[in-house]
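K.L.:
Below is coords08.cif; it holds mmCIF, C-alpha atoms.
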data_start
loop_
_atom_site.label_atom_id
_atom_site.label_comp_id
_atom_site.auth_asym_id
_atom_site.auth_seq_id
_atom_site.Cartn_x
_atom_site.Cartn_y
_atom_site.Cartn_z
CA MET A 565 -120.66 51.44 200.94
CA PRO A 566 -120.31 49.28 204.07
CA LYS A 567 -123.53 48.89 206.03
CA LEU A 568 -122.17 50.46 209.22
CA TRP A 569 -121.21 53.62 207.33
CA ASP A 570 -124.67 53.74 205.79
CA GLN A 571 -126.26 53.60 209.23
CA THR A 572 -123.98 56.33 210.51
CA ILE A 573 -125.05 58.63 207.68
CA GLU A 574 -128.71 57.84 208.25
CA GLY A 575 -128.29 58.43 211.99
CA HIS A 576 -126.60 61.75 211.29
CA ARG A 577 -129.43 62.79 208.93
CA GLN A 578 -132.03 61.92 211.54
CA SER A 579 -130.27 63.94 214.22
CA VAL A 580 -129.91 67.01 211.96
CA ARG A 581 -133.57 66.69 211.00
CA ASN A 582 -134.62 66.43 214.64
CA ALA A 583 -132.50 69.46 215.57
CA ILE A 584 -134.22 71.46 212.78
CA LEU A 585 -137.68 70.44 213.97
CA ASP A 586 -136.91 71.08 217.65
CA THR A 587 -135.49 74.53 216.85
CA THR A 588 -138.52 75.44 214.74
CA ALA A 589 -140.95 74.38 217.45
CA ALA A 590 -139.01 76.46 219.99
CA LEU A 591 -138.96 79.52 217.69
CA VAL A 592 -142.72 79.31 217.08
CA ALA A 593 -143.41 78.91 220.80
CA GLU A 594 -141.15 81.83 221.70
CA HIS A 595 -141.64 84.39 218.92
CA GLY A 596 -144.78 83.32 217.07
CA LEU A 597 -145.29 81.71 213.69
CA LEU A 598 -144.72 84.78 211.53
CA SER A 599 -141.27 85.49 212.92
CA VAL A 600 -139.87 82.11 211.86
CA THR A 601 -137.54 82.25 208.84
CA MET A 602 -135.23 79.72 207.24
CA SER A 603 -132.22 81.79 208.41
CA ARG A 604 -133.33 81.70 212.03
CA ILE A 605 -134.01 77.97 211.85
CA ALA A 606 -130.54 77.34 210.39
CA GLU A 607 -128.89 79.47 213.05
CA GLY A 608 -130.83 77.85 215.92
CA ALA A 609 -130.18 74.32 214.67
CA GLY A 610 -126.48 75.03 214.15
CA VAL A 611 -126.42 74.19 210.44
CA GLY A 612 -125.72 76.31 207.38
CA ARG A 613 -128.61 77.67 205.30
CA ALA A 614 -127.50 75.55 202.33
CA THR A 615 -127.70 72.42 204.50
CA LEU A 616 -131.14 73.39 205.80
CA TYR A 617 -132.43 73.74 202.23
CA LYS A 618 -131.21 70.21 201.49
CA TYR A 619 -133.67 69.00 204.14
CA PHE A 620 -136.66 71.33 203.61
CA PRO A 621 -137.70 73.73 200.83
CA ASP A 622 -139.44 76.29 203.10
CA VAL A 623 -140.76 77.06 206.59
CA GLU A 624 -144.15 75.50 205.91
CA ALA A 625 -142.47 72.18 205.00
CA VAL A 626 -140.54 72.27 208.29
CA LEU A 627 -143.73 72.96 210.25
CA LEU A 628 -145.59 70.14 208.53
CA ALA A 629 -142.74 67.71 209.24
CA TRP A 630 -142.67 68.83 212.88
CA HIS A 631 -146.43 68.35 213.13
CA GLU A 632 -146.19 64.90 211.58
CA ARG A 633 -143.60 63.95 214.20
CA GLN A 634 -145.89 65.31 216.96
CA ILE A 635 -148.89 63.35 215.72
CA ALA A 636 -146.89 60.13 215.35
CA GLY A 637 -145.64 60.66 218.91
CA HIS A 638 -149.17 61.14 220.26
CA LEU A 639 -150.51 58.07 218.47
CA ALA A 640 -147.59 55.96 219.73
CA HIS A 641 -148.18 57.28 223.25
CA LEU A 642 -151.91 56.42 223.19
CA SER A 643 -151.15 53.00 221.80
CA ALA A 644 -148.53 52.38 224.52
CA VAL A 645 -150.98 53.49 227.22
CA GLY A 646 -153.51 50.96 225.92
CA ASP A 647 -150.94 48.18 225.79
CA GLN A 648 -150.28 48.51 229.52
CA VAL A 649 -153.86 47.59 230.51
CA ASP A 650 -155.39 44.10 230.18
CA ASP A 651 -159.06 44.70 230.96
CA PRO A 652 -160.80 46.08 227.83
CA THR A 653 -162.98 48.62 229.68
CA ARG A 654 -160.04 49.90 231.76
CA ARG A 655 -157.97 50.03 228.55
CA LEU A 656 -160.58 52.21 226.84
CA GLU A 657 -160.74 54.48 229.88
CA ALA A 658 -156.94 54.76 230.05
CA VAL A 659 -156.61 55.67 226.36
CA LEU A 660 -159.45 58.21 226.48
CA THR A 661 -157.94 59.77 229.61
CA ALA A 662 -154.58 60.03 227.83
CA PHE A 663 -156.27 61.54 224.76
CA GLY A 664 -158.00 64.17 226.91
CA ALA A 665 -154.60 65.12 228.36
CA VAL A 666 -153.03 65.34 224.88
CA ALA A 667 -155.90 67.50 223.58
CA HIS A 668 -155.51 69.79 226.60
CA GLU A 669 -151.73 70.08 226.24
CA THR A 670 -151.39 70.53 222.49
CA HIS A 671 -153.87 73.36 222.43
CA ARG A 672 -151.72 75.36 224.84
CA HIS A 673 -148.78 75.06 222.47
CA HIS A 674 -150.54 75.76 219.18
CA GLY A 675 -151.62 79.25 218.33
CA SER A 676 -154.67 79.51 216.10
CA GLU A 677 -152.57 80.77 213.14
CA LEU A 678 -150.40 77.69 213.45
CA ALA A 679 -153.48 75.46 213.58
CA ALA A 680 -154.77 77.12 210.38
CA VAL A 681 -151.55 76.19 208.55
CA LEU A 682 -151.35 72.66 209.88
CA HIS A 683 -154.93 71.51 209.67
CA ARG A 684 -155.05 71.82 205.90
CA ASP A 685 -152.45 69.05 205.80
CA PRO A 686 -153.92 65.75 204.54
CA ARG A 687 -151.71 63.94 207.07
CA VAL A 688 -153.86 65.42 209.85
CA ALA A 689 -156.97 63.85 208.34
CA ARG A 690 -155.11 60.54 208.06
CA ALA A 691 -153.98 60.69 211.69
CA GLN A 692 -157.55 61.49 212.79
CA ARG A 693 -158.82 58.42 210.94
CA HIS A 694 -156.10 56.33 212.57
CA LEU A 695 -157.12 57.62 216.01
CA HIS A 696 -160.80 57.07 215.23
CA ASP A 697 -160.08 53.45 214.25
CA MET A 698 -157.99 52.90 217.38
CA VAL A 699 -160.83 54.13 219.64
CA ARG A 700 -163.45 52.20 217.67
CA ASP A 701 -161.47 48.96 218.15
CA LEU A 702 -161.16 49.66 221.89
CA LEU A 703 -164.93 50.20 222.02
CA VAL A 704 -165.56 46.91 220.22
CA ASP A 705 -163.36 45.06 222.75
CA ALA A 706 -164.93 46.83 225.74
CA SER A 707 -168.51 46.30 224.55
CA ALA A 708 -167.99 42.53 224.77
CA THR A 709 -167.80 42.96 228.57
CA GLY A 710 -171.25 44.61 228.71
CA ASP A 711 -169.80 47.82 230.17
CA ILE A 712 -170.43 49.77 226.97
CA ARG A 713 -173.84 50.49 225.42
CA ASP A 714 -174.72 48.34 222.40
CA ASP A 715 -177.61 50.45 221.07
CA VAL A 716 -175.17 52.65 219.09
CA VAL A 717 -172.51 51.26 216.73
CA PRO A 718 -168.85 51.62 217.82
CA ASP A 719 -168.05 53.91 214.85
CA GLU A 720 -170.60 56.48 216.03
CA LEU A 721 -169.48 56.14 219.66
CA ALA A 722 -165.87 56.74 218.57
CA SER A 723 -166.91 60.00 216.85
CA TYR A 724 -168.80 61.02 219.97
CA CYS A 725 -165.80 60.32 222.26
CA LEU A 726 -163.20 62.09 220.20
CA HIS A 727 -165.34 65.18 219.64
CA ALA A 728 -166.43 65.37 223.28
CA LEU A 729 -162.83 65.03 224.50
CA ALA A 730 -161.67 67.77 222.11
CA ALA A 731 -163.41 70.08 224.61
CA ALA A 732 -160.31 69.46 226.78
CA ALA A 733 -158.58 72.13 224.67
CA THR A 734 -160.97 74.75 226.11
CA LEU A 735 -160.73 73.69 229.76
CA PRO A 736 -158.62 75.53 232.31
CA SER A 737 -157.11 72.66 234.34
CA GLY A 738 -156.14 69.02 234.42
CA ALA A 739 -158.87 68.43 237.03
CA ALA A 740 -161.49 69.82 234.62
CA VAL A 741 -160.12 67.51 231.90
CA ARG A 742 -160.50 64.48 234.21
CA ARG A 743 -164.13 65.47 234.89
CA LEU A 744 -164.70 65.77 231.12
CA VAL A 745 -163.35 62.23 230.65
CA GLU A 746 -165.76 60.96 233.35
CA VAL A 747 -168.75 62.69 231.74
CA THR A 748 -167.77 61.37 228.30
CA LEU A 749 -167.37 57.82 229.64
CA ASP A 750 -170.81 58.05 231.31
CA GLY A 751 -172.29 58.68 227.86
CA LEU A 752 -170.77 55.36 226.73
CA ARG A 753 -172.34 53.20 229.44
CA PRO A 754 -175.48 51.14 228.76
CA PRO A 755 -178.58 53.38 229.09
CA ARG A 756 -180.61 53.00 232.28
CA MET B 122 -187.08 112.95 204.48
CA PRO B 123 -190.48 111.57 205.55
CA LYS B 124 -190.26 108.49 207.78
CA LEU B 125 -192.19 106.25 205.38
CA TRP B 126 -189.77 107.05 202.54
CA ASP B 127 -186.87 106.29 204.86
CA GLN B 128 -188.34 102.87 205.68
CA THR B 129 -188.90 102.15 202.01
CA ILE B 130 -185.25 102.86 201.23
CA GLU B 131 -184.10 100.74 204.14
CA GLY B 132 -186.44 97.91 203.08
CA HIS B 133 -185.04 98.12 199.54
CA ARG B 134 -181.46 98.01 200.85
CA GLN B 135 -182.24 94.95 202.93
CA SER B 136 -183.79 93.11 200.02
CA VAL B 137 -180.85 93.89 197.70
CA ARG B 138 -178.46 92.77 200.44
CA ASN B 139 -180.41 89.54 200.95
CA ALA B 140 -180.45 88.87 197.19
CA ILE B 141 -176.66 89.30 197.11
CA LEU B 142 -176.15 86.92 200.02
CA ASP B 143 -178.58 84.31 198.65
CA THR B 144 -176.92 84.41 195.22
CA THR B 145 -173.45 84.05 196.73
CA ALA B 146 -174.51 81.06 198.86
CA ALA B 147 -176.03 79.43 195.77
CA LEU B 148 -172.90 80.07 193.67
CA VAL B 149 -170.62 78.59 196.35
CA ALA B 150 -172.86 75.55 196.72
CA GLU B 151 -173.07 75.00 192.96
CA HIS B 152 -169.60 75.90 191.63
CA GLY B 153 -167.32 75.99 194.70
CA LEU B 154 -165.76 78.87 196.55
CA LEU B 155 -162.97 79.67 194.10
CA SER B 156 -165.31 80.22 191.17
CA VAL B 157 -167.22 83.03 192.91
CA THR B 158 -166.43 86.51 191.58
CA MET B 159 -168.03 89.92 192.12
CA SER B 160 -169.23 89.88 188.48
CA ARG B 161 -171.02 86.56 188.91
CA ILE B 162 -172.60 87.71 192.16
CA ALA B 163 -173.85 90.94 190.53
CA GLU B 164 -175.26 89.01 187.58
CA GLY B 165 -176.98 86.42 189.78
CA ALA B 166 -178.45 89.02 192.12
CA GLY B 167 -179.69 91.14 189.21
CA VAL B 168 -177.77 94.28 190.18
CA GLY B 169 -174.99 96.20 188.43
CA ARG B 170 -171.38 95.71 189.49
CA ALA B 171 -171.20 99.33 190.67
CA THR B 172 -174.22 98.74 192.93
CA LEU B 173 -172.72 95.55 194.33
CA TYR B 174 -169.52 97.42 195.26
CA LYS B 175 -171.63 99.95 197.19
CA TYR B 176 -172.71 97.06 199.44
CA PHE B 177 -169.52 94.97 199.71
CA PRO B 178 -165.85 95.63 198.86
CA ASP B 179 -165.00 92.04 197.86
CA VAL B 180 -166.12 88.39 197.79
CA GLU B 181 -164.76 87.68 201.26
CA ALA B 182 -166.86 90.49 202.74
CA VAL B 183 -169.97 89.01 201.07
CA LEU B 184 -169.16 85.56 202.45
CA LEU B 185 -168.61 86.90 205.96
CA ALA B 186 -171.93 88.79 205.84
CA TRP B 187 -173.70 85.67 204.59
CA HIS B 188 -172.13 83.62 207.38
CA GLU B 189 -173.14 86.18 209.98
CA ARG B 190 -176.73 85.96 208.72
CA GLN B 191 -176.57 82.14 208.91
CA ILE B 192 -175.24 82.17 212.47
CA ALA B 193 -177.83 84.71 213.63
CA GLY B 194 -180.51 82.52 212.06
CA HIS B 195 -179.24 79.40 213.82
CA LEU B 196 -179.06 81.12 217.21
CA ALA B 197 -182.59 82.54 216.78
CA HIS B 198 -183.82 79.08 215.78
CA LEU B 199 -182.28 77.40 218.85
CA SER B 200 -183.66 80.11 221.09
CA ALA B 201 -187.16 79.71 219.58
CA VAL B 202 -186.98 75.93 220.02
CA GLY B 203 -186.20 76.44 223.71
CA ASP B 204 -189.01 78.95 224.15
CA GLN B 205 -191.58 76.37 223.08
CA VAL B 206 -190.83 74.00 225.97
CA ASP B 207 -191.70 74.69 229.62
CA ASP B 208 -189.95 71.85 231.46
CA PRO B 209 -186.25 72.75 231.91
CA THR B 210 -184.90 69.25 231.20
CA ARG B 211 -187.11 68.83 228.10
CA ARG B 212 -186.04 72.33 227.02
CA LEU B 213 -182.36 71.40 227.25
CA GLU B 214 -183.01 68.20 225.31
CA ALA B 215 -184.97 70.06 222.62
CA VAL B 216 -182.26 72.70 222.12
CA LEU B 217 -179.43 70.13 222.03
CA THR B 218 -181.41 68.05 219.53
CA ALA B 219 -181.89 71.13 217.36
CA PHE B 220 -178.18 71.97 217.64
CA GLY B 221 -177.21 68.46 216.55
CA ALA B 222 -179.43 68.87 213.47
CA VAL B 223 -177.88 72.28 212.66
CA ALA B 224 -174.33 70.90 213.05
CA HIS B 225 -175.25 68.01 210.73
CA GLU B 226 -176.86 70.25 208.09
CA THR B 227 -174.36 73.09 207.96
CA HIS B 228 -171.46 70.75 207.45
CA ARG B 229 -173.03 69.36 204.30
CA HIS B 230 -173.22 72.87 202.87
CA HIS B 231 -169.78 74.12 203.85
CA GLY B 232 -166.74 72.87 202.03
CA SER B 233 -163.55 72.81 204.05
CA GLU B 234 -162.06 75.73 202.07
CA LEU B 235 -165.11 77.81 202.95
CA ALA B 236 -164.76 76.84 206.61
CA ALA B 237 -161.10 77.94 206.53
CA VAL B 238 -162.14 81.42 205.34
CA LEU B 239 -165.05 81.81 207.71
CA HIS B 240 -163.67 80.44 210.94
CA ARG B 241 -160.99 83.12 211.19
CA ASP B 242 -163.83 85.62 211.56
CA PRO B 243 -164.06 86.97 215.14
CA ARG B 244 -167.86 86.95 214.78
CA VAL B 245 -167.71 83.15 214.77
CA ALA B 246 -165.92 83.14 218.13
CA ARG B 247 -168.55 85.57 219.45
CA ALA B 248 -171.41 83.40 218.22
CA GLN B 249 -169.80 80.33 219.80
CA ARG B 250 -169.60 82.13 223.15
CA HIS B 251 -173.24 83.15 222.79
CA LEU B 252 -174.21 79.53 222.11
CA HIS B 253 -172.07 78.30 224.99
CA ASP B 254 -173.79 80.74 227.37
CA MET B 255 -177.23 79.72 226.10
CA VAL B 256 -176.51 76.03 226.76
CA ARG B 257 -174.91 76.75 230.13
CA ASP B 258 -178.05 78.65 231.23
CA LEU B 259 -180.26 75.76 230.09
CA LEU B 260 -178.05 73.39 232.11
CA VAL B 261 -178.36 75.59 235.21
CA ASP B 262 -182.18 75.54 234.89
CA ALA B 263 -182.30 71.81 234.24
CA SER B 264 -179.94 70.92 237.09
CA ALA B 265 -182.43 72.40 239.58
CA THR B 266 -184.75 69.49 238.69
CA GLY B 267 -182.11 66.90 239.67
CA ASP B 268 -182.08 65.42 236.15
CA ILE B 269 -178.60 66.79 235.44
CA ARG B 270 -175.39 65.83 237.28
CA ASP B 271 -174.17 68.39 239.79
CA ASP B 272 -170.62 67.05 240.23
CA VAL B 273 -169.40 69.08 237.22
CA VAL B 274 -170.04 72.83 236.79
CA PRO B 275 -172.48 73.88 234.03
CA ASP B 276 -169.73 75.72 232.12
CA GLU B 277 -167.73 72.52 231.71
CA LEU B 278 -170.86 70.52 230.84
CA ALA B 279 -171.74 73.10 228.17
CA SER B 280 -168.28 72.66 226.56
CA TYR B 281 -168.74 68.90 226.68
CA CYS B 282 -172.20 69.07 225.03
CA LEU B 283 -171.27 71.41 222.23
CA HIS B 284 -168.07 69.55 221.35
CA ALA B 285 -169.75 66.14 221.51
CA LEU B 286 -172.63 67.31 219.29
CA ALA B 287 -170.19 68.76 216.74
CA ALA B 288 -169.62 65.09 215.86
CA ALA B 289 -173.00 65.37 214.07
CA ALA B 290 -171.09 66.93 211.17
CA THR B 291 -169.31 63.60 210.58
CA LEU B 292 -172.39 61.36 210.84
CA PRO B 293 -174.14 59.93 207.79
CA SER B 294 -177.83 60.27 208.75
CA GLY B 295 -180.39 62.05 210.86
CA ALA B 296 -180.96 58.81 212.79
CA ALA B 297 -177.27 58.69 213.71
CA VAL B 298 -177.49 62.32 214.87
CA ARG B 299 -180.44 61.47 217.13
CA ARG B 300 -178.42 58.60 218.65
CA LEU B 301 -175.52 61.01 219.22
CA VAL B 302 -177.86 63.39 221.06
CA GLU B 303 -179.04 60.49 223.28
CA VAL B 304 -175.48 59.44 224.10
CA THR B 305 -174.48 63.05 224.84
CA LEU B 306 -177.50 63.54 227.11
CA ASP B 307 -176.65 60.31 228.97
CA GLY B 308 -173.30 61.87 229.85
CA LEU B 309 -175.19 64.76 231.49
CA ARG B 310 -177.30 62.64 233.82
CA PRO B 311 -176.34 62.17 237.49
CA PRO B 312 -173.69 59.41 237.77
CA ARG B 313 -174.90 56.05 239.03
#
Just give me the structure of the file as structure tokens.
P.N.:
Amino acid sequence: MPKLWDQTIEGHRQSVRNAILDTTAALVAEHGLLSVTMSRIAEGAGVGRATLYKYFPDVEAVLLAWHERQIAGHLAHLSAVGDQVDDPTRRLEAVLTAFGAVAHETHRHHGSELAAVLHRDPRVARAQRHLHDMVRDLLVDASATGDIRDDVVPDELASYCLHALAAAATLPSGAAVRRLVEVTLDGLRPPR
Amino acid sequence: MPKLWDQTIEGHRQSVRNAILDTTAALVAEHGLLSVTMSRIAEGAGVGRATLYKYFPDVEAVLLAWHERQIAGHLAHLSAVGDQVDDPTRRLEAVLTAFGAVAHETHRHHGSELAAVLHRDPRVARAQRHLHDMVRDLLVDASATGDIRDDVVPDELASYCLHALAAAATLPSGAAVRRLVEVTLDGLRPPR
């Protein structure tokens, strides 16, 4: 098969897959997790049921694939935010601020029943490790400037940061999230 | 029925109930959640199966009752720790230190499958609110001394504290937990 044709097929597959995931996310947001069926997904995505089953065996598989795409998107976003800042301390602050905003936003979209399905997925644990390592590396870079405490190892500080910022999910406003980021950053500074 | 007789029956019921809960906790810890059956619980607690079913309809009900007892115990412990300290800032520090230790310990006992069963229980959400309110009140008392930042409301600081200290569950040692408590407390101090 010529290469161009191959790419066209792959591009088509990706766009069908994305349409399925987008539809599913919209159905969950609008009608709740329990109302989502393979028939409704097929209808919303504009594909036949037989086609849908060629992509995913069941609703849970669609949800997990959607969640994987979300997580990859968040990680890429945080990484891109970091890449825009030269100074290591400012870079850490920018990424933690972006993470607080993501934690705040995603919680509004997820219901707790959805979270219960998704958080058993081993890919979530992998993504959390990836995020942990990203923040730890930022802490290592920033601690060289003397702006970050050196009496606690970066691994432990990364756990502290990510757990503290998860509180963003419980906060009512973006302003409250920005205050949380400030408080969390103050815990990272060298002790007085 | 005479009152003394009534108390004896109630005391007996409590001790059977406690034996059931203790046995179940031990079975989960030793053999894992999925191996626990009503027959094994009855055998371990030294009661007949018919008696066990008079107390609890199924394994999940036993686990939820056990968890409720654990939570009540933790809250009473944190409250007692606070009662032993007069100075409001020291009191806050003592309670947060104790909470870090509880978060560290309980995670070692719970498997993630057990957590998935228990955390859907509305009593967990209630206990978390209770804990949140306890910490918020401690923050209000401590902020009157000027040791605690006043640019963020106590409710938001309480969310920060409890989320940050939940990182204790991921830490390898008691020493690491004490460092986490220090870092978390540093975030609470007035900004420089």
K.L.:
List, as an MDAnalysis selection string, every residue that the PyMOL selection byres ((chain B) within 6 of (chain A)) selects in the file provided.
P.N.:
chainID B and resid 280:281 284:285 288 304:305 307:308
K.L.:
Go through B:Ser156, B:Thr227, B:Thr266, B:Ser136 one by one, measure the shortest atom-to-atom distance of each to Arg211 of chain B using all atoms listed in the file, and give the residue with the smallest value.
P.N.:
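Among the listed residues, the smallest separation from Arg211 of chain B belongs to B:Thr266.
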K.L.:
Taking the file as shown, find all residues satisfying the PyMOL selection byres ((chain A and resi 606-613) around 12) and write them as an MDAnalysis selection string.
P.N.:
chainID A and resid 577 579:591 600:605 614:623 626
K.L.:
Can you measure atom CA of Arg190 of chain B to atom CA of Thr129 of chain B for me? One decimal in Å is fine.
P.N.:
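A separation of 21.3 Å between them.
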K.L.:
I would like the residues chosen by the PyMOL selection byres ((chain B and resi 252) around 12) on the shown file; could you give them as number ranges by chain?
P.N.:
B: 192-193, 195-200, 216-217, 220, 245-251, 253-259, 276, 279-280, 282-284
K.L.:
Just to confirm, what's the straight-line distance from atom CA of Leu239 of chain B to atom CA of Ala182 of chain B in Å (one decimal)?
P.N.:
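For atom CA of Leu239 of chain B relative to atom CA of Ala182 of chain B, the distance reads 10.2 Å.
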K.L.:
Could you superimpose chain B onto chain A using every C-alpha atom, matched in order, and tell me the RMSD in Å?
P.N.:
0.1 Å
K.L.:
Suppose you want the space between atom CA of Leu703 of chain A and atom CA of Pro718 of chain A; what is it in Å?
P.N.:
5.9 Å
K.L.:
For Arg212 of chain B, find every residue with an atom within 10 Å (counting only C-alpha atoms), except residues of its own chain fewer than 2 positions away, and show them as number ranges by chain.
P.N.:
B: 202-210, 214-218, 259-260, 262-263
K.L.:
Restricting the calculation to only C-alpha atoms: of A:Leu627, A:Leu656, A:Ala667, A:Ala662, which residue gets closest to Ile712 of chain A?
P.N.:
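Checking each candidate against Ile712 of chain A, we get A:Leu656 as the closest.
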